[in-house]
$ cat protein-v4.tsv   # TSV, C-alpha atoms
chain	number	residue	atom	x	y	z
A	243	MET	CA	146.37	104.95	48.69
A	244	LYS	CA	143.48	106.29	50.77
A	245	THR	CA	142.99	102.83	52.30
A	246	TRP	CA	146.53	102.33	53.61
A	247	TRP	CA	147.86	105.87	54.11
A	248	PRO	CA	146.12	106.20	57.52
A	249	TYR	CA	148.16	103.25	58.74
A	250	VAL	CA	151.36	104.91	57.53
A	251	ARG	CA	150.38	107.90	59.61
A	252	LEU	CA	149.64	105.75	62.66
A	253	ALA	CA	152.98	103.95	62.39
A	254	SER	CA	154.80	107.26	61.94
A	255	ALA	CA	153.03	108.76	64.96
A	256	ALA	CA	154.02	105.73	67.04
A	257	LEU	CA	157.65	106.12	65.95
A	258	GLY	CA	157.67	109.83	66.77
A	259	LEU	CA	156.11	109.32	70.21
A	260	ALA	CA	158.50	106.46	70.95
A	261	ALA	CA	161.42	108.78	70.17
A	262	VAL	CA	160.02	111.49	72.45
A	263	ILE	CA	159.48	109.00	75.28
A	264	ALA	CA	162.96	107.52	74.88
A	265	GLN	CA	164.63	110.93	75.17
A	266	LEU	CA	162.36	111.97	78.04
A	267	SER	CA	163.20	108.77	79.93
A	268	LEU	CA	166.93	109.42	79.61
A	269	THR	CA	166.55	113.07	80.57
A	270	VAL	CA	164.59	112.17	83.71
A	271	ALA	CA	167.07	109.41	84.59
A	272	LEU	CA	169.96	111.85	84.34
A	273	ALA	CA	168.10	114.30	86.56
A	274	ALA	CA	167.45	111.60	89.13
A	275	ASP	CA	171.20	110.94	89.34
A	276	ASN	CA	172.10	114.63	89.52
A	277	SER	CA	173.40	115.78	92.91
A	278	THR	CA	172.64	119.49	92.54
A	279	PRO	CA	169.34	121.05	93.67
A	280	TRP	CA	168.76	122.60	90.24
A	281	GLY	CA	169.80	119.56	88.22
A	282	SER	CA	167.63	117.14	90.19
A	283	HIS	CA	164.50	119.31	90.28
A	284	LEU	CA	162.22	117.08	88.19
A	285	PRO	CA	159.39	119.60	87.61
A	286	THR	CA	161.87	122.00	86.00
A	287	VAL	CA	163.49	119.21	84.01
A	288	TRP	CA	160.09	118.07	82.72
A	289	TRP	CA	159.02	121.62	81.89
A	290	ASN	CA	162.30	122.32	80.11
A	291	PHE	CA	161.95	119.14	78.06
A	292	PHE	CA	158.58	120.19	76.73
A	293	SER	CA	159.88	123.69	76.08
A	294	PHE	CA	161.95	122.49	73.12
A	295	PHE	CA	160.34	123.42	69.82
A	296	THR	CA	161.50	120.07	68.48
A	297	ILE	CA	159.59	118.16	71.15
A	298	ASP	CA	156.48	120.31	70.76
A	299	SER	CA	156.57	119.92	66.99
A	300	ASN	CA	156.94	116.14	67.16
A	301	VAL	CA	154.07	115.84	69.65
A	302	ILE	CA	151.86	118.08	67.50
A	303	ALA	CA	152.76	116.03	64.42
A	304	ALA	CA	152.08	112.73	66.15
A	305	VAL	CA	148.70	113.89	67.47
A	306	SER	CA	147.82	115.32	64.04
A	307	PHE	CA	148.69	112.02	62.36
A	308	ILE	CA	146.64	110.02	64.86
A	309	VAL	CA	143.62	112.28	64.36
A	310	ALA	CA	144.06	112.22	60.57
A	311	ALA	CA	144.46	108.44	60.58
A	312	ILE	CA	141.26	107.95	62.57
A	313	TRP	CA	139.40	110.23	60.17
A	314	GLY	CA	140.92	108.41	57.19
A	315	VAL	CA	139.92	104.97	58.47
A	316	ARG	CA	136.37	106.16	59.13
A	317	HIS	CA	136.12	107.59	55.59
A	318	ARG	CA	138.07	104.91	53.74
A	319	ARG	CA	135.05	103.94	51.62
A	320	ASP	CA	134.22	107.42	50.33
A	321	ASP	CA	136.02	110.12	48.35
A	322	GLU	CA	135.46	112.96	50.80
A	323	ARG	CA	138.37	115.34	51.22
A	324	GLU	CA	139.85	116.00	54.62
A	325	PRO	CA	137.86	118.64	56.55
A	326	SER	CA	139.25	122.17	56.71
A	327	TRP	CA	140.12	121.97	60.41
A	328	LEU	CA	142.14	118.80	59.83
A	329	ALA	CA	143.85	120.24	56.76
A	330	ILE	CA	144.88	123.32	58.77
A	331	LEU	CA	146.17	121.13	61.60
A	332	LEU	CA	148.25	119.11	59.13
A	333	VAL	CA	149.64	122.27	57.51
A	334	CYS	CA	150.78	123.51	60.93
A	335	ALA	CA	152.31	120.16	61.90
A	336	SER	CA	154.07	119.80	58.55
A	337	THR	CA	155.43	123.34	58.68
A	338	TYR	CA	156.83	122.96	62.20
A	339	MET	CA	158.41	119.60	61.47
A	340	ILE	CA	160.00	120.60	58.17
A	341	VAL	CA	161.42	123.74	59.81
A	342	THR	CA	162.67	121.61	62.72
A	343	GLY	CA	164.54	119.41	60.26
A	344	ILE	CA	166.01	122.39	58.41
A	345	VAL	CA	167.09	124.31	61.53
A	346	TYR	CA	168.60	121.29	63.26
A	347	ASN	CA	170.57	120.10	60.27
A	348	THR	CA	171.84	123.58	59.36
A	349	LEU	CA	172.41	125.16	62.79
A	350	LEU	CA	172.44	122.54	65.53
A	351	ARG	CA	173.83	119.23	64.29
A	352	GLY	CA	176.90	118.36	66.33
A	353	ILE	CA	176.16	120.96	69.01
A	354	GLU	CA	175.36	119.68	72.52
A	355	LEU	CA	171.94	120.92	73.59
A	356	PRO	CA	171.09	121.80	77.21
A	357	GLN	CA	169.00	118.71	77.93
A	358	GLY	CA	172.24	116.74	78.29
A	359	ILE	CA	172.99	113.42	76.61
A	360	THR	CA	170.74	112.47	73.71
A	361	VAL	CA	169.50	109.06	72.61
A	362	PRO	CA	171.12	108.70	69.15
A	363	TRP	CA	168.28	106.90	67.32
A	364	SER	CA	165.68	109.12	68.99
A	365	ASN	CA	167.61	112.23	67.99
A	366	GLU	CA	167.63	111.16	64.34
A	367	VAL	CA	163.93	110.29	64.36
A	368	LEU	CA	162.97	113.63	65.91
A	369	HIS	CA	165.15	115.76	63.65
A	370	VAL	CA	165.43	113.82	60.38
A	371	VAL	CA	163.15	110.81	59.94
A	372	PHE	CA	159.85	112.22	61.20
A	373	PRO	CA	160.36	115.60	59.44
A	374	LEU	CA	160.98	113.72	56.17
A	375	ILE	CA	157.80	111.69	56.72
A	376	LEU	CA	155.84	114.94	57.17
A	377	LEU	CA	157.33	116.22	53.91
A	378	LEU	CA	156.27	113.02	52.15
A	379	ASP	CA	152.82	113.45	53.64
A	380	VAL	CA	152.60	116.94	52.14
A	381	LEU	CA	153.63	115.63	48.73
A	382	PHE	CA	151.71	112.36	48.54
A	383	ALA	CA	148.94	112.05	51.17
A	384	PRO	CA	145.55	111.52	49.52
A	385	ARG	CA	142.49	113.77	49.74
A	386	ARG	CA	144.30	117.05	50.21
A	387	ARG	CA	142.06	120.09	50.54
A	388	ALA	CA	142.94	123.47	49.05
A	389	LEU	CA	143.27	126.03	51.84
A	390	PRO	CA	143.31	129.85	51.70
A	391	TRP	CA	146.63	131.65	51.97
A	392	SER	CA	145.55	132.99	55.37
A	393	THR	CA	146.44	129.52	56.68
A	394	VAL	CA	150.07	130.66	56.53
A	395	PHE	CA	149.39	133.21	59.25
A	396	ILE	CA	147.54	130.63	61.36
A	397	SER	CA	150.60	128.37	61.21
A	398	ALA	CA	152.79	131.24	62.46
A	399	ILE	CA	150.81	131.74	65.69
A	400	PHE	CA	152.33	128.89	67.71
A	401	PRO	CA	155.99	129.67	66.80
A	402	LEU	CA	155.48	133.34	67.73
A	403	VAL	CA	153.94	132.40	71.07
A	404	TRP	CA	156.73	129.88	71.65
A	405	VAL	CA	159.48	132.45	71.02
A	406	ALA	CA	157.85	134.99	73.35
A	407	TYR	CA	157.38	132.34	76.05
A	408	THR	CA	160.97	131.11	75.66
A	409	MET	CA	162.59	134.53	75.89
A	410	ILE	CA	160.49	135.55	78.91
A	411	ARG	CA	160.97	132.29	80.80
A	412	ALA	CA	164.69	131.94	80.05
A	413	ASN	CA	165.87	134.26	82.83
A	414	LEU	CA	163.50	132.75	85.39
A	415	VAL	CA	165.03	129.27	85.24
A	416	ILE	CA	168.33	127.88	86.52
A	417	ALA	CA	169.92	125.63	83.87
A	418	PRO	CA	169.81	122.05	85.24
A	419	ALA	CA	172.99	120.97	83.45
A	420	THR	CA	175.22	123.96	84.33
A	421	GLY	CA	173.63	125.91	87.19
A	422	GLU	CA	173.63	129.10	85.12
A	423	LYS	CA	170.93	131.61	86.05
A	424	TRP	CA	169.26	131.31	82.67
A	425	TRP	CA	168.10	128.49	80.43
A	426	TYR	CA	167.63	128.67	76.67
A	427	PRO	CA	166.60	125.54	74.75
A	428	TYR	CA	168.82	126.44	71.78
A	429	PRO	CA	172.15	128.28	71.68
A	430	PHE	CA	171.04	130.64	68.89
A	431	LEU	CA	168.45	132.08	71.30
A	432	ASN	CA	170.97	132.68	74.08
A	433	PRO	CA	172.16	136.31	74.15
A	434	GLN	CA	174.91	135.26	76.57
A	435	VAL	CA	176.74	133.36	73.80
A	436	ILE	CA	175.53	134.95	70.55
A	437	PRO	CA	177.63	137.91	69.33
A	438	GLY	CA	175.60	141.08	69.67
A	439	GLY	CA	173.48	139.74	72.51
A	440	TYR	CA	169.77	140.24	72.03
A	441	LEU	CA	170.38	141.99	68.70
A	442	GLY	CA	172.19	138.93	67.41
A	443	VAL	CA	169.44	136.66	68.72
A	444	SER	CA	166.80	138.81	67.01
A	445	GLY	CA	168.57	138.14	63.72
A	446	TYR	CA	168.19	134.40	64.21
A	447	ILE	CA	164.56	134.81	65.23
A	448	ILE	CA	163.80	136.85	62.11
A	449	GLY	CA	165.59	134.30	59.94
A	450	ILE	CA	163.65	131.40	61.42
A	451	ALA	CA	160.38	133.36	61.14
A	452	ILE	CA	161.10	133.81	57.43
A	453	ALA	CA	161.78	130.08	57.16
A	454	ILE	CA	158.49	129.24	58.91
A	455	ILE	CA	156.49	131.54	56.64
A	456	GLY	CA	158.33	130.24	53.57
A	457	VAL	CA	157.74	126.59	54.47
A	458	ALA	CA	154.09	127.28	55.33
A	459	CYS	CA	153.64	128.94	51.94
A	460	PHE	CA	155.19	125.89	50.29
A	461	VAL	CA	152.91	123.49	52.19
A	462	VAL	CA	149.77	125.49	51.39
A	463	TRP	CA	150.83	125.88	47.74
A	464	VAL	CA	151.41	122.14	47.34
A	465	GLY	CA	148.02	121.42	48.89
A	466	ARG	CA	146.30	123.87	46.55
A	467	ARG	CA	148.06	122.46	43.48
A	468	ARG	CA	147.31	118.87	44.42
A	469	ALA	CA	143.66	119.61	45.16
A	470	ALA	CA	143.33	121.47	41.85
A	471	SER	CA	144.93	118.60	39.90
A	472	VAL	CA	142.48	116.11	41.42
A	473	SER	CA	139.54	118.36	40.59
A	474	SER	CA	140.66	118.63	36.96
A	475	ASP	CA	141.03	114.85	36.51

$ encode --input "protein-v4.tsv" --output "structure tokens"
Amino acid sequence: MKTWWPYVRLASAALGLAAVIAQLSLTVALAADNSTPWGSHLPTVWWNFFSFFTIDSNVIAAVSFIVAAIWGVRHRRDDEREPSWLAILLVCASTYMIVTGIVYNTLLRGIELPQGITVPWSNEVLHVVFPLILLLDVLFAPRRRALPWSTVFISAIFPLVWVAYTMIRANLVIAPATGEKWWYPYPFLNPQVIPGGYLGVSGYIIGIAIAIIGVACFVVWVGRRRAASVSSD
């Protein structure tokens, strides 16, 4: 498996990046056709696009897979385990992608998001296919390294920064699609529509934080179990 798994990662990364590019192309095309000053402002449209946790997670996962694939190809003839820095990167990418799949399919499927029209196949790749591939990578990728439980807290850094950034920036941006004086990437973060306002939003944030920590614990636990089983063979 160690000889061909890197190529699975490369193909998966290519699929994920293709999905990101397809959705970005449509989003930019829609902005170019928009007649309003806020809807046609491409810098804001670009910045908003890369402010979605889904997009960030898919890009992180694709880059992680490319890096891991290059390392795997270079070490295909030895039995060395993945280095700690790479193992941590993969834990973070896997956690974000699995949570993306869970949140989208439980909270957001069927709800129109503020980037406008989505590319159907791209949407499924970003929210279902690529997250499932990351889960399979956690369960079956060769040469897993056991990591300390502190890795869970490392994986929580980016989501915490993202939430803070999102909530601060939201009221500084005019929504391109509607002209509203705020822009939230996901409806469950928008105190204008969530019952209870910011209190209601905080409930969602706490729930998703619990999910991130729980998934990170699962990913680290699987890695530790798999590394231990290889050592005992």

$ closest_atom_pairs --input "protein-v4.tsv" --of "range 294-373 of chain A" --to "range 247-269 of chain A" --cutoff "8 Å" --atoms "all atoms listed in the file" --output "tab-separated table"
residue	atom	partner	partner_atom	distance
A:Ile297	CA	A:Val262	CA	6.8
A:Asn300	CA	A:Gly258	CA	6.4
A:Val301	CA	A:Leu259	CA	6.9
A:Ala303	CA	A:Ala255	CA	7.3
A:Ala304	CA	A:Ala255	CA	4.3
A:Val305	CA	A:Ala255	CA	7.2
A:Phe307	CA	A:Arg251	CA	5.2
A:Ile308	CA	A:Leu252	CA	5.7
A:Ala310	CA	A:Pro248	CA	7.1
A:Ala311	CA	A:Pro248	CA	4.1
A:Ile312	CA	A:Pro248	CA	7.2
A:Gly314	CA	A:Pro248	CA	5.7
A:Val315	CA	A:Pro248	CA	6.4
A:Gln357	CA	A:Thr269	CA	6.7
A:Gly358	CA	A:Thr269	CA	7.1
A:Ile359	CA	A:Thr269	CA	7.6
A:Thr360	CA	A:Gln265	CA	6.5
A:Val361	CA	A:Gln265	CA	5.8
A:Trp363	CA	A:Ala261	CA	7.7
A:Ser364	CA	A:Ala261	CA	4.4
A:Asn365	CA	A:Ala261	CA	7.4
A:Val367	CA	A:Ala261	CA	6.5
A:Leu368	CA	A:Gly258	CA	6.6
A:Phe372	CA	A:Gly258	CA	6.4

$ closest_residue --input "protein-v4.tsv" --among "A:Pro362, A:Pro325, A:Pro401, A:Pro418" --to "Ile454 in chain A" --atoms "only C-alpha atoms"
A:Pro401

$ atom_distance --input "protein-v4.tsv" --atom1 "CA of Leu376 in chain A" --atom2 "CA of Ile447 in chain A"
23.1 Å

$ residues_around --input "protein-v4.tsv" --residues "range 275-291 of chain A" --least-positions-apart "3" --cutoff "7 Å" --atoms "all atoms listed in the file" --output "number ranges by chain"
A: 271-272, 294, 416, 418-419, 421

$ axis_aligned_box --input "protein-v4.tsv" --around "range 422-431 of chain A" --padding-each-side "6 Å" --output "lines of an AutoDock Vina configuration file"
center_x = 170.1
center_y = 128.8
center_z = 77.5
size_x = 19.0
size_y = 18.5
size_z = 29.2

$ atom_distance --input "protein-v4.tsv" --atom1 "CA of Ala406 in chain A" --atom2 "CA of Asp298 in chain A"
15.0 Å

$ residues_around --input "protein-v4.tsv" --residues "Ala453 in chain A" --least-positions-apart "6" --cutoff "9 Å" --atoms "only C-alpha atoms" --output "list in words"
Val341, Ile344 and Val345 of chain A

$ atom_distance --input "protein-v4.tsv" --atom1 "CA of Pro373 in chain A" --atom2 "CA of Ala458 in chain A"
13.9 Å

$ closest_residue --input "protein-v4.tsv" --among "A:Thr420, A:Ser392, A:Asn413, A:Ser336" --to "Val457 in chain A" --atoms "all atoms listed in the file"
A:Ser336

$ closest_residue --input "protein-v4.tsv" --among "A:Tyr446, A:Tyr440, A:Trp246, A:Phe295" --to "Thr342 in chain A" --atoms "only C-alpha atoms"
A:Phe295

$ residues_around --input "protein-v4.tsv" --residues "Ile353 in chain A" --least-positions-apart "3" --cutoff "9 Å" --atoms "all atoms listed in the file" --output "list in words"
Leu349, Leu350 and Pro429 of chain A

$ residues_near_point --input "protein-v4.tsv" --point "(137.5, 112.9, 47.6)" --cutoff "10 Å" --atoms "all atoms listed in the file" --output "list in words"
Lys244, His317, Asp320, Asp321, Glu322, Arg323, Glu324, Pro384, Arg385, Arg386, Arg387, Ala469, Val472 and Ser473 of chain A

$ residues_near_point --input "protein-v4.tsv" --point "(151.6, 117.5, 56.9)" --cutoff "8 Å" --atoms "only C-alpha atoms" --output "list in words"
Ala303, Leu332, Val333, Cys334, Ala335, Ser336, Thr337, Leu376, Leu377, Asp379, Val380 and Val461 of chain A
